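Structure first, then comments.
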Amino acid sequence: MGTGPERRVGRVGRPRESRRLGPVALVVAGGLSVQFGAALAVLLMPRAGALGVVTLRLALAALVLLAVCRPKVRGYGRADWGTVVAFGTAMAGMNVLFYQSVDRIPLGAAVTLEVLGPLILSVVVSRRLVNLLWAGLALGGVALLGGGGFDRLDPLGAGFALAAGAMWATYIVFSARTGRRFPQADGLALAMAFGAVLTLPFGIAEAGGALLVPSTVALGLGVALLSSVLPYTLELLALRSLPAPTFAVLMSLEPAIAAGAGFLVLHQVLSVTDALAIALVIGASIGAVRTQKAATAS
């Protein structure tokens, strides 16, 4: 779920076809890690609640990233710290809204609705008329997913997923700004820590002492590693040689991966209509990415 500074790439040259399988495998592994981490989070929710899981994920991921990156805190101006605060706020909001969603609707449906945020951002940024076609295709998929009015989905859960998508789009914007202002993953580590601080009171209020139970902490660490630390690392390695459009196309497959994780881990079975809806959203995302690539090439 979601993109970080590691999901940006500036690329010189074109890697040979024989060398692309490795980076592609890393990105797919990262997507599997994120969505199976989300499935593990759903299993953890009966112990700590949705807000408790968010707190555990952000806090433990922040501790790991701070220990690994050891970011410097001196030498930055007000604008730099303002960017980190905005990035951390978007990160916290995205996670809170997404976990509230998956606590109410199937994981595959939640990710499908959430991915509309980055898709709409792509359409707005490109300002190309053809992208309205992709946006319409995605909205058609959402209409199918909701049964013509979200009758089959919890309306509140669907609303949380759509709001999480809006925060994901905001997250993408500020992740890019943070990456330009801070070296390596330093900005990510600092923003993650700020997001953890923001969610801590809500997690304590909902989960209380459950946040300190060793088994709950261990599961929370698993969520943090699968959903944040591991995928960011895999994608960082992949983006050293993988073209950005290829990476974006792979990211558009996350609703399908989420549906698979929901089926295997949570036993959430999708109907034929749901599968078609997810396919439409994936197709719209791929189409938008390829249109943007063609525009850049011309």
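Ligands are numbered from 1 in the order shown, residues from 1 within each chain, and chains are lettered A, B, ... in the order they appear in the structure tokens.
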
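Excluding Phe36 in chain A and any residue on its chain fewer than 3 positions from it, the residues at most 9 Å away by only C-alpha atoms are Gly31, Leu32, Ser33, Ala39, Leu40, Ala41, Val223, Leu226, Ser227, Ile257, Ala258, Gly260, Ala261, Gly262 and Val265 of chain A.
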
Mind listing the helix (DSSP H, G or I) residues of range 42-291 of chain A, per DSSP on the backbone, as a ChimeraX atom specification?
/A:42-69,78-102,107-114,116-126,130-145,155-181,186-212,214-238,244-251,254-266,272-291

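Take CA of Gly187 in chain A and CA of Arg78 in chain A: the distance between them is 13.9 Å.
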
Hey, what's within 9 Å of Arg177 in chain A if we count only C-alpha atoms and toss same-chain stuff fewer than 2 positions away? As a short mmCIF file (atom, residue, chain, number, x, y, z; two decimals) with all heavy atoms, in the first residue's frame, please?
```
data_model
loop_
_atom_site.label_atom_id
_atom_site.label_comp_id
_atom_site.auth_asym_id
_atom_site.auth_seq_id
_atom_site.Cartn_x
_atom_site.Cartn_y
_atom_site.Cartn_z
N PRO A 5 9.66 7.77 -1.23
CA PRO A 5 10.71 8.38 -2.03
C PRO A 5 11.43 7.37 -2.89
O PRO A 5 11.95 7.69 -3.94
CB PRO A 5 11.64 9.00 -0.99
CG PRO A 5 10.80 9.20 0.22
CD PRO A 5 9.82 8.08 0.20
N ASP A 80 12.33 22.59 4.57
CA ASP A 80 12.65 21.16 4.60
C ASP A 80 11.81 20.44 5.66
O ASP A 80 11.21 19.39 5.38
CB ASP A 80 14.14 20.96 4.91
CG ASP A 80 15.04 21.58 3.85
OD1 ASP A 80 14.70 21.48 2.66
OD2 ASP A 80 16.07 22.17 4.22
N THR A 83 8.20 20.13 4.74
CA THR A 83 7.95 19.04 3.81
C THR A 83 7.87 17.70 4.54
O THR A 83 7.00 16.87 4.25
CB THR A 83 9.06 18.99 2.75
OG1 THR A 83 9.10 20.23 2.04
CG2 THR A 83 8.83 17.85 1.76
N VAL A 84 8.77 17.50 5.50
CA VAL A 84 8.75 16.26 6.28
C VAL A 84 7.45 16.14 7.07
O VAL A 84 6.85 15.07 7.15
CB VAL A 84 9.97 16.20 7.23
CG1 VAL A 84 9.77 15.15 8.31
CG2 VAL A 84 11.23 15.87 6.45
N PHE A 87 4.69 15.28 4.69
CA PHE A 87 4.86 13.90 4.26
C PHE A 87 4.42 12.93 5.36
O PHE A 87 3.69 11.97 5.12
CB PHE A 87 6.32 13.67 3.88
CG PHE A 87 6.63 12.33 3.29
CD1 PHE A 87 5.66 11.57 2.67
CD2 PHE A 87 7.93 11.82 3.35
CE1 PHE A 87 5.95 10.34 2.11
CE2 PHE A 87 8.23 10.59 2.80
CZ PHE A 87 7.24 9.85 2.19
N ILE A 172 2.29 10.79 -2.47
CA ILE A 172 3.20 10.72 -3.61
C ILE A 172 3.85 12.07 -3.88
O ILE A 172 5.06 12.18 -4.11
CB ILE A 172 2.45 10.22 -4.86
CG1 ILE A 172 2.04 8.75 -4.69
CG2 ILE A 172 3.30 10.39 -6.12
CD1 ILE A 172 1.12 8.24 -5.78
N VAL A 173 3.04 13.12 -3.82
CA VAL A 173 3.56 14.47 -4.07
C VAL A 173 4.64 14.83 -3.06
O VAL A 173 5.72 15.30 -3.42
CB VAL A 173 2.42 15.50 -4.03
CG1 VAL A 173 2.97 16.92 -4.09
CG2 VAL A 173 1.45 15.27 -5.19
N PHE A 174 4.36 14.61 -1.79
CA PHE A 174 5.31 15.02 -0.75
C PHE A 174 6.47 14.05 -0.60
O PHE A 174 7.54 14.43 -0.12
CB PHE A 174 4.59 15.22 0.58
CG PHE A 174 3.84 16.51 0.64
CD1 PHE A 174 2.47 16.54 0.49
CD2 PHE A 174 4.51 17.71 0.82
CE1 PHE A 174 1.77 17.73 0.52
CE2 PHE A 174 3.83 18.92 0.86
CZ PHE A 174 2.46 18.94 0.71
N SER A 175 6.29 12.80 -1.03
CA SER A 175 7.42 11.87 -1.02
C SER A 175 8.48 12.32 -2.01
O SER A 175 9.68 12.27 -1.75
CB SER A 175 6.97 10.44 -1.34
OG SER A 175 6.59 10.32 -2.70
N GLY A 179 12.20 13.50 -1.05
CA GLY A 179 13.36 12.85 -1.66
C GLY A 179 14.33 13.83 -2.25
O GLY A 179 15.54 13.59 -2.28
N ARG A 180 13.82 14.97 -2.75
CA ARG A 180 14.71 15.98 -3.32
C ARG A 180 15.45 16.78 -2.24
O ARG A 180 16.53 17.30 -2.48
CB ARG A 180 13.90 16.94 -4.21
CG ARG A 180 13.42 16.32 -5.51
CD ARG A 180 12.90 17.37 -6.47
NE ARG A 180 11.69 18.02 -5.97
CZ ARG A 180 10.46 17.63 -6.27
NH1 ARG A 180 10.28 16.56 -7.04
NH2 ARG A 180 9.41 18.29 -5.81
N ARG A 181 14.85 16.87 -1.06
CA ARG A 181 15.44 17.70 -0.02
C ARG A 181 16.34 16.93 0.95
O ARG A 181 17.19 17.52 1.62
CB ARG A 181 14.32 18.38 0.80
CG ARG A 181 13.55 19.43 0.01
CD ARG A 181 12.43 20.03 0.86
NE ARG A 181 11.69 21.08 0.15
CZ ARG A 181 12.04 22.35 0.12
NH1 ARG A 181 13.12 22.74 0.78
NH2 ARG A 181 11.32 23.24 -0.54
N PHE A 182 16.15 15.61 1.04
CA PHE A 182 16.89 14.80 2.00
C PHE A 182 17.62 13.67 1.26
O PHE A 182 17.07 13.09 0.34
CB PHE A 182 15.96 14.20 3.06
CG PHE A 182 15.36 15.22 3.98
CD1 PHE A 182 14.23 15.95 3.60
CD2 PHE A 182 15.91 15.46 5.23
CE1 PHE A 182 13.67 16.89 4.44
CE2 PHE A 182 15.36 16.40 6.09
CZ PHE A 182 14.24 17.12 5.69
#
```

Please list as an mmCIF file with N, CA and C atoms, in the first residue's frame every residue within 9 Å of Leu270 in chain A, counting only C-alpha atoms and excluding residues in the same chain fewer than 5 positions away.
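Result file is part04.cif:
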```cif
data_model
loop_
_atom_site.group_PDB
_atom_site.id
_atom_site.type_symbol
_atom_site.label_atom_id
_atom_site.label_comp_id
_atom_site.auth_asym_id
_atom_site.auth_seq_id
_atom_site.Cartn_x
_atom_site.Cartn_y
_atom_site.Cartn_z
ATOM 1 N N PRO A 106 -13.434 -6.160 2.032
ATOM 2 C CA PRO A 106 -12.337 -7.045 1.627
ATOM 3 C C PRO A 106 -11.104 -6.266 1.168
ATOM 4 N N GLY A 108 -8.959 -6.765 -1.311
ATOM 5 C CA GLY A 108 -8.862 -6.481 -2.744
ATOM 6 C C GLY A 108 -9.719 -5.298 -3.148
ATOM 7 N N ALA A 109 -10.929 -5.203 -2.595
ATOM 8 C CA ALA A 109 -11.813 -4.080 -2.905
ATOM 9 C C ALA A 109 -11.235 -2.777 -2.371
ATOM 10 N N ALA A 259 -6.087 -8.841 -3.809
ATOM 11 C CA ALA A 259 -7.178 -9.818 -3.865
ATOM 12 C C ALA A 259 -6.655 -11.225 -3.591
ATOM 13 N N PHE A 263 -7.582 -13.622 -0.399
ATOM 14 C CA PHE A 263 -8.103 -14.984 -0.567
ATOM 15 C C PHE A 263 -7.274 -16.003 0.204
ATOM 16 N N ALA A 275 -13.910 -9.484 -9.691
ATOM 17 C CA ALA A 275 -12.686 -9.714 -10.450
ATOM 18 C C ALA A 275 -12.650 -8.853 -11.714
#
```

Using only C-alpha atoms, find the one residue out of A:Gly165, A:Arg70, A:Leu132, A:Gly49 that sits nearest to Val115 in chain A.
A:Gly165

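You can rank A:Ala161, A:Ala59, A:Val229, A:Leu198 by their closest distance to Gly37 in chain A using only C-alpha atoms, and at the top of that list sits A:Val229.
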
Using only C-alpha atoms, I'd like a table of the residues in range 195-286 of chain A that come within 12 Å of range 95-99 of chain A; for each, show the closest atom pair and its distance in Å rounded to one decimal, ordered by chain and ascending number, as JSON lines.
```
{"residue": "A:Gly195", "atom": "CA", "partner": "A:Asn95", "partner_atom": "CA", "distance": 9.4}
{"residue": "A:Ala196", "atom": "CA", "partner": "A:Asn95", "partner_atom": "CA", "distance": 10.4}
{"residue": "A:Leu198", "atom": "CA", "partner": "A:Val96", "partner_atom": "CA", "distance": 10.5}
{"residue": "A:Thr199", "atom": "CA", "partner": "A:Val96", "partner_atom": "CA", "distance": 8.0}
{"residue": "A:Leu200", "atom": "CA", "partner": "A:Val96", "partner_atom": "CA", "distance": 11.3}
{"residue": "A:Phe202", "atom": "CA", "partner": "A:Val96", "partner_atom": "CA", "distance": 9.7}
{"residue": "A:Gly203", "atom": "CA", "partner": "A:Val96", "partner_atom": "CA", "distance": 10.0}
{"residue": "A:Ala224", "atom": "CA", "partner": "A:Asn95", "partner_atom": "CA", "distance": 11.7}
{"residue": "A:Ser227", "atom": "CA", "partner": "A:Asn95", "partner_atom": "CA", "distance": 10.7}
{"residue": "A:Ser228", "atom": "CA", "partner": "A:Asn95", "partner_atom": "CA", "distance": 11.2}
```

Selection to disk with all heavy atoms, as a PDB file, in the first residue's frame:
```pdb
ATOM      1  N   GLY A 195       4.891  10.592  11.596  1.00  0.00           N
ATOM      2  CA  GLY A 195       3.597   9.933  11.436  1.00  0.00           C
ATOM      3  C   GLY A 195       3.276   9.027  12.610  1.00  0.00           C
ATOM      4  O   GLY A 195       2.126   8.956  13.065  1.00  0.00           O
ATOM      5  N   ALA A 196       4.306   8.341  13.132  1.00  0.00           N
ATOM      6  CA  ALA A 196       4.100   7.468  14.290  1.00  0.00           C
ATOM      7  C   ALA A 196       3.684   8.285  15.512  1.00  0.00           C
ATOM      8  O   ALA A 196       2.798   7.877  16.277  1.00  0.00           O
ATOM      9  CB  ALA A 196       5.380   6.689  14.578  1.00  0.00           C
ATOM     10  N   LEU A 198       2.086  11.118  15.478  1.00  0.00           N
ATOM     11  CA  LEU A 198       0.709  11.570  15.258  1.00  0.00           C
ATOM     12  C   LEU A 198      -0.316  10.490  15.618  1.00  0.00           C
ATOM     13  O   LEU A 198      -1.368  10.780  16.182  1.00  0.00           O
ATOM     14  CB  LEU A 198       0.511  11.983  13.799  1.00  0.00           C
ATOM     15  CG  LEU A 198       1.115  13.315  13.339  1.00  0.00           C
ATOM     16  CD1 LEU A 198       0.785  13.548  11.867  1.00  0.00           C
ATOM     17  CD2 LEU A 198       0.592  14.470  14.175  1.00  0.00           C
ATOM     18  N   THR A 199      -0.016   9.240  15.259  1.00  0.00           N
ATOM     19  CA  THR A 199      -0.995   8.172  15.470  1.00  0.00           C
ATOM     20  C   THR A 199      -0.918   7.557  16.866  1.00  0.00           C
ATOM     21  O   THR A 199      -1.849   6.858  17.272  1.00  0.00           O
ATOM     22  CB  THR A 199      -0.801   7.046  14.442  1.00  0.00           C
ATOM     23  OG1 THR A 199       0.518   6.470  14.583  1.00  0.00           O
ATOM     24  CG2 THR A 199      -0.959   7.585  13.023  1.00  0.00           C
ATOM     25  N   LEU A 200       0.157   7.823  17.595  1.00  0.00           N
ATOM     26  CA  LEU A 200       0.360   7.180  18.898  1.00  0.00           C
ATOM     27  C   LEU A 200      -0.804   7.418  19.868  1.00  0.00           C
ATOM     28  O   LEU A 200      -1.289   6.453  20.485  1.00  0.00           O
ATOM     29  CB  LEU A 200       1.676   7.654  19.507  1.00  0.00           C
ATOM     30  CG  LEU A 200       2.099   6.976  20.821  1.00  0.00           C
ATOM     31  CD1 LEU A 200       2.258   5.478  20.612  1.00  0.00           C
ATOM     32  CD2 LEU A 200       3.401   7.596  21.339  1.00  0.00           C
ATOM     33  N   PHE A 202      -3.944   7.956  19.305  1.00  0.00           N
ATOM     34  CA  PHE A 202      -5.124   7.220  18.858  1.00  0.00           C
ATOM     35  C   PHE A 202      -4.947   5.717  19.077  1.00  0.00           C
ATOM     36  O   PHE A 202      -5.881   5.020  19.481  1.00  0.00           O
ATOM     37  CB  PHE A 202      -5.389   7.508  17.380  1.00  0.00           C
ATOM     38  CG  PHE A 202      -5.615   8.957  17.080  1.00  0.00           C
ATOM     39  CD1 PHE A 202      -4.600   9.739  16.558  1.00  0.00           C
ATOM     40  CD2 PHE A 202      -6.841   9.551  17.343  1.00  0.00           C
ATOM     41  CE1 PHE A 202      -4.807  11.083  16.286  1.00  0.00           C
ATOM     42  CE2 PHE A 202      -7.069  10.890  17.077  1.00  0.00           C
ATOM     43  CZ  PHE A 202      -6.039  11.667  16.552  1.00  0.00           C
ATOM     44  N   GLY A 203      -3.722   5.222  18.824  1.00  0.00           N
ATOM     45  CA  GLY A 203      -3.453   3.809  19.040  1.00  0.00           C
ATOM     46  C   GLY A 203      -3.556   3.434  20.502  1.00  0.00           C
ATOM     47  O   GLY A 203      -4.118   2.380  20.854  1.00  0.00           O
ATOM     48  N   ALA A 224       5.154  -4.166  10.060  1.00  0.00           N
ATOM     49  CA  ALA A 224       6.055  -3.055   9.729  1.00  0.00           C
ATOM     50  C   ALA A 224       7.104  -3.478   8.703  1.00  0.00           C
ATOM     51  O   ALA A 224       7.391  -2.752   7.752  1.00  0.00           O
ATOM     52  CB  ALA A 224       6.738  -2.543  11.000  1.00  0.00           C
ATOM     53  N   SER A 227       5.161  -4.407   5.285  1.00  0.00           N
ATOM     54  CA  SER A 227       4.443  -3.319   4.639  1.00  0.00           C
ATOM     55  C   SER A 227       5.293  -2.086   4.365  1.00  0.00           C
ATOM     56  O   SER A 227       4.923  -1.265   3.532  1.00  0.00           O
ATOM     57  CB  SER A 227       3.233  -2.900   5.498  1.00  0.00           C
ATOM     58  OG  SER A 227       2.314  -3.960   5.630  1.00  0.00           O
ATOM     59  N   SER A 228       6.410  -1.928   5.055  1.00  0.00           N
ATOM     60  CA  SER A 228       7.208  -0.712   4.902  1.00  0.00           C
ATOM     61  C   SER A 228       8.674  -0.992   4.594  1.00  0.00           C
ATOM     62  O   SER A 228       9.163  -0.667   3.509  1.00  0.00           O
ATOM     63  CB  SER A 228       7.099   0.153   6.171  1.00  0.00           C
ATOM     64  OG  SER A 228       5.779   0.552   6.405  1.00  0.00           O
TER      65      SER A 228
END
```

Find, counting only C-alpha atoms, the residue in A:Val102, A:Ala169, A:Ala86, A:Leu162 that gets nearest to Ala50 in chain A.
A:Val102

What's around Pro201 in chain A at 12 Å? Count only C-alpha atoms, leave out sequence neighbours fewer than 3 positions away in its own chain, and write the answer as a VMD selection string.
chain A and resid 51 to 52 54 to 56 59 195 to 198 204 to 208 211

Nearest-residue call for Glu254 in chain A, choices A:Val213, A:Cys69, A:Val27, A:Leu234, using only C-alpha atoms:
A:Val27

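Note that CA of Gly222 in chain A and CA of Ala67 in chain A are 16.9 Å apart.
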